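Below is the file target-v7.pdb, which contains PDB, C-alpha atoms (C1' of nucleotides).
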ATOM      1  CA  MET A   3      10.955 -17.877   7.082
ATOM      2  CA  ARG A   4       7.863 -17.355   9.223
ATOM      3  CA  LEU A   5       8.082 -15.521  12.543
ATOM      4  CA  ASN A   6       6.275 -16.575  15.642
ATOM      5  CA  ASP A   7       4.327 -14.297  17.956
ATOM      6  CA  LEU A   8       7.256 -13.551  20.261
ATOM      7  CA  ASP A   9       9.505 -12.630  17.328
ATOM      8  CA  GLU A  10       6.830 -10.344  15.955
ATOM      9  CA  ARG A  11       6.491  -8.534  19.256
ATOM     10  CA  ILE A  12      10.270  -8.098  19.433
ATOM     11  CA  VAL A  13      10.352  -6.722  15.893
ATOM     12  CA  HIS A  14       7.460  -4.417  16.762
ATOM     13  CA  ALA A  15       9.321  -3.095  19.813
ATOM     14  CA  LEU A  16      12.412  -2.489  17.671
ATOM     15  CA  ALA A  17      10.323  -0.817  14.962
ATOM     16  CA  GLU A  18       9.144   1.720  17.530
ATOM     17  CA  ASP A  19      12.659   2.333  18.848
ATOM     18  CA  ALA A  20      15.621   0.398  17.506
ATOM     19  CA  ARG A  21      17.879   1.596  20.313
ATOM     20  CA  ARG A  22      15.821   0.070  23.089
ATOM     21  CA  THR A  23      17.821  -2.220  25.360
ATOM     22  CA  TYR A  24      17.301  -5.986  25.269
ATOM     23  CA  ALA A  25      16.171  -5.806  28.898
ATOM     24  CA  ASP A  26      13.515  -3.224  28.000
ATOM     25  CA  ILE A  27      12.263  -5.307  25.076
ATOM     26  CA  GLY A  28      12.326  -8.382  27.293
ATOM     27  CA  SER A  29      10.120  -6.764  29.896
ATOM     28  CA  ARG A  30       7.572  -5.928  27.160
ATOM     29  CA  VAL A  31       7.463  -9.415  25.686
ATOM     30  CA  GLY A  32       8.091 -11.419  28.859
ATOM     31  CA  LEU A  33      11.618 -12.668  28.190
ATOM     32  CA  SER A  34      15.057 -12.142  29.708
ATOM     33  CA  ALA A  35      17.571  -9.878  27.981
ATOM     34  CA  PRO A  36      19.782 -12.746  26.742
ATOM     35  CA  ALA A  37      16.730 -14.537  25.333
ATOM     36  CA  VAL A  38      15.774 -11.395  23.400
ATOM     37  CA  LYS A  39      19.323 -10.996  22.100
ATOM     38  CA  ARG A  40      19.449 -14.597  20.916
ATOM     39  CA  ARG A  41      16.185 -14.103  18.989
ATOM     40  CA  VAL A  42      17.348 -10.819  17.473
ATOM     41  CA  ASP A  43      20.650 -12.451  16.462
ATOM     42  CA  ARG A  44      18.711 -15.283  14.853
ATOM     43  CA  LEU A  45      16.356 -12.873  13.068
ATOM     44  CA  ARG A  46      19.385 -11.081  11.628
ATOM     45  CA  ALA A  47      21.075 -14.344  10.658
ATOM     46  CA  THR A  48      18.001 -15.593   8.801
ATOM     47  CA  GLY A  49      17.504 -12.243   7.060
ATOM     48  CA  ALA A  50      14.155 -11.378   8.656
ATOM     49  CA  ILE A  51      15.824  -8.327  10.210
ATOM     50  CA  THR A  52      18.048  -6.657   7.616
ATOM     51  CA  GLY A  53      19.421  -3.888   9.803
ATOM     52  CA  PHE A  54      18.740  -0.914  12.043
ATOM     53  CA  THR A  55      18.443   2.631  10.824
ATOM     54  CA  VAL A  56      17.669   6.172  11.843
ATOM     55  CA  ARG A  57      14.502   8.000  10.798
ATOM     56  CA  VAL A  58      15.236  11.544   9.726
ATOM     57  CA  ASP A  59      13.153  14.532   8.768
ATOM     58  CA  PRO A  60      14.088  14.863   5.062
ATOM     59  CA  ALA A  61      13.817  18.648   5.214
ATOM     60  CA  ALA A  62      16.388  18.745   8.019
ATOM     61  CA  LEU A  63      18.892  17.098   5.701
ATOM     62  CA  GLY A  64      18.049  19.547   2.952
ATOM     63  CA  TRP A  65      15.809  17.229   0.887
ATOM     64  CA  ASN A  66      12.871  19.525   0.231
ATOM     65  CA  THR A  67      11.465  18.001  -2.954
ATOM     66  CA  GLU A  68      10.045  14.499  -3.244
ATOM     67  CA  GLY A  69       8.474  12.725  -6.163
ATOM     68  CA  PHE A  70       7.833   9.502  -8.017
ATOM     69  CA  ILE A  71       9.260   8.907 -11.479
ATOM     70  CA  GLU A  72       7.527   6.291 -13.604
ATOM     71  CA  ILE A  73       9.966   4.725 -16.042
ATOM     72  CA  TYR A  74       8.957   3.303 -19.423
ATOM     73  CA  CYS A  75      11.670   1.022 -20.784
ATOM     74  CA  GLY A  76      12.660  -0.316 -24.177
ATOM     75  CA  ARG A  77      11.897  -3.944 -25.043
ATOM     76  CA  ASN A  78      13.918  -6.622 -23.282
ATOM     77  CA  THR A  79      15.112  -4.392 -20.465
ATOM     78  CA  SER A  80      15.969  -6.608 -17.509
ATOM     79  CA  PRO A  81      15.299  -5.594 -13.900
ATOM     80  CA  GLU A  82      19.057  -5.926 -13.301
ATOM     81  CA  VAL A  83      19.823  -3.182 -15.811
ATOM     82  CA  ILE A  84      17.304  -0.852 -14.161
ATOM     83  CA  HIS A  85      18.669  -1.721 -10.743
ATOM     84  CA  ARG A  86      22.295  -1.054 -11.682
ATOM     85  CA  SER A  87      21.410   2.258 -13.230
ATOM     86  CA  LEU A  88      19.237   3.588 -10.374
ATOM     87  CA  ASP A  89      21.547   2.287  -7.685
ATOM     88  CA  ARG A  90      24.151   4.814  -8.842
ATOM     89  CA  MET A  91      21.810   7.720  -8.121
ATOM     90  CA  PRO A  92      21.762   8.616  -4.420
ATOM     91  CA  GLU A  93      18.561  10.635  -4.896
ATOM     92  CA  VAL A  94      16.659   7.441  -5.733
ATOM     93  CA  VAL A  95      15.685   6.024  -2.350
ATOM     94  CA  ALA A  96      13.421   3.227  -3.580
ATOM     95  CA  ALA A  97      12.488   1.603  -6.866
ATOM     96  CA  SER A  98      10.439  -1.356  -8.054
ATOM     97  CA  THR A  99       9.324  -2.934 -11.267
ATOM     98  CA  VAL A 100       5.552  -2.703 -11.494
ATOM     99  CA  THR A 101       2.461  -3.838 -13.371
ATOM    100  CA  GLY A 102       0.554  -1.348 -15.500
ATOM    101  CA  GLU A 103       1.731   1.014 -18.194
ATOM    102  CA  ALA A 104       5.095   1.938 -16.698
ATOM    103  CA  ASP A 105       7.817  -0.675 -16.214
ATOM    104  CA  ALA A 106       9.273   0.724 -13.000
ATOM    105  CA  ILE A 107       8.658   3.412 -10.401
ATOM    106  CA  ALA A 108      11.436   5.263  -8.587
ATOM    107  CA  GLN A 109      10.927   7.317  -5.434
ATOM    108  CA  VAL A 110      13.225  10.335  -5.485
ATOM    109  CA  PHE A 111      14.316  12.901  -2.906
ATOM    110  CA  ALA A 112      16.001  16.066  -4.164
ATOM    111  CA  ALA A 113      17.180  19.312  -2.651
ATOM    112  CA  ASP A 114      14.840  21.442  -4.745
ATOM    113  CA  MET A 115      12.963  21.481  -8.033
ATOM    114  CA  ARG A 116      16.077  22.226 -10.033
ATOM    115  CA  HIS A 117      17.814  19.229  -8.490
ATOM    116  CA  PHE A 118      14.740  17.039  -9.078
ATOM    117  CA  GLU A 119      14.808  18.021 -12.725
ATOM    118  CA  GLN A 120      18.467  17.012 -12.959
ATOM    119  CA  VAL A 121      17.650  13.583 -11.548
ATOM    120  CA  LEU A 122      14.766  13.284 -13.998
ATOM    121  CA  GLU A 123      17.057  14.176 -16.891
ATOM    122  CA  ARG A 124      19.668  11.728 -15.732
ATOM    123  CA  ILE A 125      17.101   8.913 -15.618
ATOM    124  CA  ALA A 126      15.580   9.939 -18.952
ATOM    125  CA  GLY A 127      19.082   9.919 -20.438
ATOM    126  CA  GLU A 128      19.764   6.276 -19.585
ATOM    127  CA  PRO A 129      19.929   4.204 -22.770
ATOM    128  CA  TYR A 130      17.213   1.753 -21.730
ATOM    129  CA  VAL A 131      14.680   4.488 -20.854
ATOM    130  CA  GLU A 132      12.128   5.366 -23.517
ATOM    131  CA  ARG A 133      10.208   7.954 -21.535
ATOM    132  CA  THR A 134       9.337   8.971 -18.011
ATOM    133  CA  LYS A 135       6.358  10.462 -16.240
ATOM    134  CA  SER A 136       6.805  12.172 -12.944
ATOM    135  CA  VAL A 137       4.540  12.976 -10.064
ATOM    136  CA  LEU A 138       5.565  15.396  -7.334
ATOM    137  CA  VAL A 139       4.651  14.931  -3.705
ATOM    138  CA  LEU A 140       2.639  17.860  -2.378
ATOM    139  CA  SER A 141       2.471  16.831   1.249
ATOM    140  CA  PRO A 142       3.475  13.590   2.913
ATOM    141  CA  LEU A 143       0.390  12.342   4.763
ATOM    142  CA  LEU A 144       1.895   9.413   6.611
ATOM    143  CA  ARG A 145       5.098   7.416   6.645
ATOM    144  CA  ARG A 146       4.895   4.327   8.797
ATOM    145  CA  HIS A 147       7.805   2.115   9.684
ATOM    146  CA  SER A 148       6.076  -1.184   8.932
ATOM    147  CA  SER A 149       5.883  -2.905  12.231
ATOM    148  CA  GLY A 150       3.282  -5.603  12.463
ATOM    149  CA  ALA A 151       1.905  -8.754  10.967
ATOM    150  CA  PRO A 152      -0.585  -8.773   8.125
ATOM    151  CA  GLY A 153      -4.252  -8.951   9.056
TER     152      GLY A 153
ATOM    153  CA  MET B   3      17.373  23.515  10.975
ATOM    154  CA  ARG B   4      20.501  22.964   8.921
ATOM    155  CA  LEU B   5      22.992  20.263   9.865
ATOM    156  CA  ASN B   6      26.698  20.749   9.752
ATOM    157  CA  ASP B   7      29.207  18.281   8.338
ATOM    158  CA  LEU B   8      29.825  16.478  11.636
ATOM    159  CA  ASP B   9      26.087  16.026  12.236
ATOM    160  CA  GLU B  10      25.672  14.633   8.735
ATOM    161  CA  ARG B  11      28.420  12.105   9.267
ATOM    162  CA  ILE B  12      26.837  11.032  12.550
ATOM    163  CA  VAL B  13      23.435  10.639  10.873
ATOM    164  CA  HIS B  14      25.089   8.694   8.076
ATOM    165  CA  ALA B  15      26.745   6.328  10.555
ATOM    166  CA  LEU B  16      23.391   5.809  12.287
ATOM    167  CA  ALA B  17      21.636   5.276   8.950
ATOM    168  CA  GLU B  18      24.009   2.390   8.266
ATOM    169  CA  ASP B  19      23.504   0.891  11.704
ATOM    170  CA  ALA B  20      21.351   2.587  14.303
ATOM    171  CA  ARG B  21      22.616   0.332  17.081
ATOM    172  CA  ARG B  22      26.231   1.411  16.745
ATOM    173  CA  THR B  23      27.722   2.671  19.997
ATOM    174  CA  TYR B  24      28.525   6.344  20.508
ATOM    175  CA  ALA B  25      32.185   5.383  20.920
ATOM    176  CA  ASP B  26      32.131   3.591  17.542
ATOM    177  CA  ILE B  27      30.457   6.534  15.810
ATOM    178  CA  GLY B  28      32.916   8.863  17.543
ATOM    179  CA  SER B  29      35.897   6.980  16.189
ATOM    180  CA  ARG B  30      34.475   7.306  12.668
ATOM    181  CA  VAL B  31      33.811  11.031  12.845
ATOM    182  CA  GLY B  32      36.682  12.015  15.142
ATOM    183  CA  LEU B  33      34.738  12.823  18.307
ATOM    184  CA  SER B  34      34.474  11.369  21.813
ATOM    185  CA  ALA B  35      31.451   9.310  22.854
ATOM    186  CA  PRO B  36      29.977  12.102  25.028
ATOM    187  CA  ALA B  37      30.314  14.591  22.172
ATOM    188  CA  VAL B  38      28.467  12.225  19.797
ATOM    189  CA  LYS B  39      25.714  11.664  22.362
ATOM    190  CA  ARG B  40      25.272  15.399  22.886
ATOM    191  CA  ARG B  41      24.869  15.905  19.143
ATOM    192  CA  VAL B  42      22.448  12.982  18.741
ATOM    193  CA  ASP B  43      20.401  14.269  21.672
ATOM    194  CA  ARG B  44      20.284  17.695  20.053
ATOM    195  CA  LEU B  45      19.343  16.245  16.644
ATOM    196  CA  ARG B  46      16.449  14.423  18.310
ATOM    197  CA  ALA B  47      15.392  17.508  20.269
ATOM    198  CA  THR B  48      15.300  19.670  17.150
ATOM    199  CA  GLY B  49      13.415  17.037  15.172
ATOM    200  CA  ALA B  50      16.138  16.328  12.606
ATOM    201  CA  ILE B  51      16.267  12.743  13.891
ATOM    202  CA  THR B  52      12.720  11.469  14.423
ATOM    203  CA  GLY B  53      13.600   8.036  15.771
ATOM    204  CA  PHE B  54      15.364   4.732  15.251
ATOM    205  CA  THR B  55      13.827   1.736  13.578
ATOM    206  CA  VAL B  56      14.471  -1.771  12.353
ATOM    207  CA  ARG B  57      14.651  -2.704   8.677
ATOM    208  CA  VAL B  58      12.684  -5.844   7.983
ATOM    209  CA  ASP B  59      12.332  -8.197   5.040
ATOM    210  CA  PRO B  60       8.579  -7.753   4.347
ATOM    211  CA  ALA B  61       8.224 -11.359   3.230
ATOM    212  CA  ALA B  62       9.554 -12.569   6.581
ATOM    213  CA  LEU B  63       6.640 -10.809   8.290
ATOM    214  CA  GLY B  64       4.210 -12.357   5.834
ATOM    215  CA  TRP B  65       3.733  -9.265   3.641
ATOM    216  CA  ASN B  66       4.096 -10.860   0.226
ATOM    217  CA  THR B  67       2.140  -8.397  -1.889
ATOM    218  CA  GLU B  68       3.077  -4.762  -2.358
ATOM    219  CA  GLY B  69       1.479  -2.077  -4.459
ATOM    220  CA  PHE B  70       0.656   1.562  -4.964
ATOM    221  CA  ILE B  71      -2.939   2.768  -4.954
ATOM    222  CA  GLU B  72      -3.613   6.070  -6.670
ATOM    223  CA  ILE B  73      -6.614   7.803  -5.118
ATOM    224  CA  TYR B  74      -8.902  10.163  -7.017
ATOM    225  CA  CYS B  75     -10.977  12.233  -4.616
ATOM    226  CA  GLY B  76     -14.187  14.213  -4.794
ATOM    227  CA  ARG B  77     -14.042  18.012  -4.877
ATOM    228  CA  ASN B  78     -12.978  19.808  -1.733
ATOM    229  CA  THR B  79     -11.389  16.782  -0.106
ATOM    230  CA  SER B  80      -8.827  18.024   2.397
ATOM    231  CA  PRO B  81      -5.526  16.263   3.033
ATOM    232  CA  GLU B  82      -6.617  15.843   6.646
ATOM    233  CA  VAL B  83      -9.604  13.723   5.607
ATOM    234  CA  ILE B  84      -7.390  11.480   3.481
ATOM    235  CA  HIS B  85      -4.855  11.235   6.292
ATOM    236  CA  ARG B  86      -7.417  10.272   8.922
ATOM    237  CA  SER B  87      -8.886   7.621   6.685
ATOM    238  CA  LEU B  88      -5.608   5.987   5.590
ATOM    239  CA  ASP B  89      -4.076   6.202   9.041
ATOM    240  CA  ARG B  90      -6.648   3.660  10.225
ATOM    241  CA  MET B  91      -5.418   1.056   7.742
ATOM    242  CA  PRO B  92      -2.264  -0.691   8.946
ATOM    243  CA  GLU B  93      -1.587  -2.010   5.443
ATOM    244  CA  VAL B  94      -0.967   1.551   4.233
ATOM    245  CA  VAL B  95       2.674   2.215   5.110
ATOM    246  CA  ALA B  96       3.041   5.549   3.331
ATOM    247  CA  ALA B  97       0.831   8.073   1.599
ATOM    248  CA  SER B  98       1.167  11.517   0.070
ATOM    249  CA  THR B  99      -0.921  14.019  -1.809
ATOM    250  CA  VAL B 100       0.544  14.444  -5.285
ATOM    251  CA  THR B 101       0.470  16.495  -8.467
ATOM    252  CA  GLY B 102      -0.948  14.951 -11.642
ATOM    253  CA  GLU B 103      -4.212  13.185 -12.269
ATOM    254  CA  ALA B 104      -4.565  11.391  -8.950
ATOM    255  CA  ASP B 105      -4.938  13.338  -5.710
ATOM    256  CA  ALA B 106      -2.998  10.969  -3.486
ATOM    257  CA  ILE B 107      -0.857   7.840  -3.658
ATOM    258  CA  ALA B 108      -0.802   5.173  -0.949
ATOM    259  CA  GLN B 109       1.878   2.508  -0.653
ATOM    260  CA  VAL B 110       0.330  -0.718   0.580
ATOM    261  CA  PHE B 111       1.706  -3.994   1.944
ATOM    262  CA  ALA B 112      -0.653  -6.963   2.107
ATOM    263  CA  ALA B 113      -0.342 -10.630   2.937
ATOM    264  CA  ASP B 114      -1.475 -11.767  -0.507
ATOM    265  CA  MET B 115      -3.530 -10.690  -3.489
ATOM    266  CA  ARG B 116      -6.815 -11.379  -1.745
ATOM    267  CA  HIS B 117      -5.754  -9.194   1.157
ATOM    268  CA  PHE B 118      -4.551  -6.470  -1.218
ATOM    269  CA  GLU B 119      -7.950  -6.501  -2.890
ATOM    270  CA  GLN B 120      -9.637  -6.067   0.489
ATOM    271  CA  VAL B 121      -7.503  -3.010   1.211
ATOM    272  CA  LEU B 122      -8.299  -1.657  -2.234
ATOM    273  CA  GLU B 123     -12.026  -2.144  -1.619
ATOM    274  CA  ARG B 124     -11.799  -0.516   1.758
ATOM    275  CA  ILE B 125     -10.099   2.549   0.263
ATOM    276  CA  ALA B 126     -12.509   2.645  -2.671
ATOM    277  CA  GLY B 127     -15.391   2.492  -0.200
ATOM    278  CA  GLU B 128     -14.375   5.645   1.659
ATOM    279  CA  PRO B 129     -16.941   8.402   1.023
ATOM    280  CA  TYR B 130     -14.408  10.912  -0.314
ATOM    281  CA  VAL B 131     -12.949   8.480  -2.869
ATOM    282  CA  GLU B 132     -14.275   8.697  -6.410
ATOM    283  CA  ARG B 133     -12.060   6.037  -7.946
ATOM    284  CA  THR B 134      -8.732   4.342  -7.545
ATOM    285  CA  LYS B 135      -6.072   2.955  -9.817
ATOM    286  CA  SER B 136      -3.641   0.424  -8.530
ATOM    287  CA  VAL B 137      -0.221  -0.720  -9.544
ATOM    288  CA  LEU B 138       1.352  -3.886  -8.164
ATOM    289  CA  VAL B 139       5.025  -4.198  -7.381
ATOM    290  CA  LEU B 140       6.625  -7.027  -9.346
ATOM    291  CA  SER B 141      10.053  -6.925  -7.752
ATOM    292  CA  PRO B 142      11.583  -4.404  -5.397
ATOM    293  CA  LEU B 143      14.799  -3.200  -7.045
ATOM    294  CA  LEU B 144      16.216  -1.103  -4.227
ATOM    295  CA  ARG B 145      15.133   0.328  -0.915
ATOM    296  CA  ARG B 146      17.609   2.769   0.540
ATOM    297  CA  HIS B 147      17.485   4.243   3.997
ATOM    298  CA  SER B 148      18.143   7.858   3.015
ATOM    299  CA  SER B 149      21.443   8.670   4.534
ATOM    300  CA  GLY B 150      23.237  11.610   3.063
ATOM    301  CA  ALA B 151      23.038  15.221   2.078
ATOM    302  CA  PRO B 152      21.657  16.321  -1.278
ATOM    303  CA  GLY B 153      24.179  16.825  -4.048
TER     304      GLY B 153
ATOM    305  C1'  DG C   4      15.036 -19.977  28.442
ATOM    306  C1'  DA C   5      17.137 -18.134  32.972
ATOM    307  C1'  DT C   6      20.978 -16.699  35.895
ATOM    308  C1'  DG C   7      25.219 -14.578  37.319
ATOM    309  C1'  DA C   8      29.750 -12.560  36.418
ATOM    310  C1'  DA C   9      33.005 -10.069  33.433
ATOM    311  C1'  DA C  10      33.606  -6.803  29.888
ATOM    312  C1'  DG C  11      31.920  -2.934  27.628
ATOM    313  C1'  DC C  12      28.796   1.042  26.931
ATOM    314  C1'  DT C  13      26.080   5.057  28.383
ATOM    315  C1'  DT C  14      25.460   8.898  30.915
ATOM    316  C1'  DT C  15      26.667  12.659  33.874
ATOM    317  C1'  DC C  16      29.744  15.934  35.854
ATOM    318  C1'  DC C  17      33.469  18.814  35.733
ATOM    319  C1'  DG C  18      37.595  21.059  33.915
ATOM    320  C1'  DT C  19      39.619  23.168  29.671
ATOM    321  C1'  DG C  20      40.208  25.607  25.281
TER     322       DG C  20
ATOM    323  C1'  DC D  10      29.762  26.862  23.576
ATOM    324  C1'  DA D  11      31.573  22.573  22.534
ATOM    325  C1'  DC D  12      34.894  19.019  23.685
ATOM    326  C1'  DG D  13      37.409  15.353  26.333
ATOM    327  C1'  DG D  14      38.333  12.604  30.577
ATOM    328  C1'  DA D  15      36.785   9.998  34.437
ATOM    329  C1'  DA D  16      33.422   7.555  37.425
ATOM    330  C1'  DA D  17      28.944   5.481  38.483
ATOM    331  C1'  DG D  18      25.371   2.771  36.764
ATOM    332  C1'  DC D  19      23.582  -0.054  33.178
ATOM    333  C1'  DT D  20      23.820  -3.294  29.213
ATOM    334  C1'  DT D  21      25.720  -6.768  26.659
ATOM    335  C1'  DT D  22      27.766 -11.057  26.356
ATOM    336  C1'  DC D  23      29.168 -15.612  27.631
ATOM    337  C1'  DA D  24      29.305 -19.717  30.263
ATOM    338  C1'  DT D  25      26.524 -22.655  32.881
ATOM    339  C1'  DC D  26      22.389 -24.841  34.464
TER     340       DC D  26
END

Show this structure as structure tokens.
Amino acid sequence: MRLNDLDERIVHALAEDARRTYADIGSRVGLSAPAVKRRVDRLRATGAITGFTVRVDPAALGWNTEGFIEIYCGRNTSPEVIHRSLDRMPEVVAASTVTGEADAIAQVFAADMRHFEQVLERIAGEPYVERTKSVLVLSPLLRRHSSGAPG
Amino acid sequence: MRLNDLDERIVHALAEDARRTYADIGSRVGLSAPAVKRRVDRLRATGAITGFTVRVDPAALGWNTEGFIEIYCGRNTSPEVIHRSLDRMPEVVAASTVTGEADAIAQVFAADMRHFEQVLERIAGEPYVERTKSVLVLSPLLRRHSSGAPG
DNA sequence: GATGAAAGCTTTCCGTG
DNA sequence: CACGGAAAGCTTTCATC
């Protein structure tokens, strides 16, 4: 599905603050509150909007260690197998299969280094994993909540 | 700041759906609507909650190509310089300085491969960048909206 | 897509443990 | 100090144009 300009501006307004009222969004994009609601409902129904969430400071929740774990898999490992395995680990907040040497990359948040190591060992211990390579985050430089249309 | 159990449950409820009403959250955590609002206000004031945002299907916004760009910098490149440079590129949705061979990793969303290449060239053209190495996402396996306390 | 009315939510104030 | 109840003011929602 492709969004039009009005939808994009609504999504942008929600990306900045998902708890804005429909009336507030409407005044920004030039629509009445019910018109905004109908579009948001439609964007949810079509899957363009997948939900609304809170942005938290990871440190405030006790997640002080972040890193990426590159996963090298055995032959014939399907994305589904990787998905099922990582989905069980709450510390893994994002994962993708990728091009290049590694087969997948997982983004991990842990309480501390000891906890990060446990996650690493748990991933390395999965039967389909041949080896891993991990990279720790030193300092987060920016974390945008993607909110616009591509150039 | 450290959150208590009630705060964590409120954050968890908001992570699942940031547009839930205070009364709804209250009924889940056993508090009245005003009590939930007071806690959310405090979590925002202390910086534990940094905002509310919408979750979007990138493809619906026209971002069909995702990748990670590892950045290798010249000597004495400060994180601030990297931050200022990447912050100007809307395609860069997240970036961190990291341990390992590369100095920083940027997560990039682009409309298509051609667009991704343009972003890559723009990053590679920055004066502090010595070389880059990029990895394309084949399929996103999971993307969680971090929502709990560390084990 | 706009409008208007009914239902529901948010926000504030105040009393209580 | 934090919570719950109640009231005023908005927001959401639905029917209608």

Translate the PyMOL selection byres ((chain C) within 12 of (chain A)), as applied to the file shown, into an explicit residue set as a PyMOL selection string. chain C and resi 4-6+12-13

File of the preceding selection, C-alpha atoms (C1' of nucleotides), as a short mmCIF file (atom, residue, chain, number, x, y, z; two decimals), in the coordinates of the input:
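Okay, result.cif is ready:
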data_model
loop_
_atom_site.label_atom_id
_atom_site.label_comp_id
_atom_site.auth_asym_id
_atom_site.auth_seq_id
_atom_site.Cartn_x
_atom_site.Cartn_y
_atom_site.Cartn_z
"C1'" DG C 4 15.04 -19.98 28.44
"C1'" DA C 5 17.14 -18.13 32.97
"C1'" DT C 6 20.98 -16.70 35.90
"C1'" DC C 12 28.80 1.04 26.93
"C1'" DT C 13 26.08 5.06 28.38
#

Kindly provide, as a ChimeraX atom specification, the residues of chain D having any atom no farther than 12 Å from an atom of chain B, counting only C-alpha atoms (C1' of nucleotides). /D:11-15,20-21

Selection result of the PyMOL selection byres ((chain A) within 7 of (chain B)) on this file, as a PyMOL selection string: chain A and resi 3-5+16-21+49-59+62-65+85+95-102+112-113+137-148+151-152

Between atom CA of Gly127 of chain B and atom CA of Thr67 of chain B - distance in Å to one decimal: 20.7 Å

Quick check, in Å to one decimal: how far apart do atom CA of Arg11 of chain B and atom CA of Gly28 of chain B lie?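 Here the two named atoms are 10.0 Å from each other.
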
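As for atom CA of Glu123 of chain A and atom CA of Ile73 of chain B, they are spaced 27.2 Å apart.
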
Evaluate the PyMOL selection byres ((chain D and resi 25) around 10) and report residues as a PyMOL selection string: (chain C and resi 6-7) or (chain D and resi 23-24+26)

Within 12 Å of DA17 of chain D, counting all atoms listed in the file, which residues qualify if same-chain residues fewer than 4 places away don't, as a PyMOL selection string? chain C and resi 13-16

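Each of A:Met115, A:Met91, A:Ala47, A:Val83 was compared to Tyr130 of chain A using all atoms listed in the file, and A:Val83 turns out to be the nearest.
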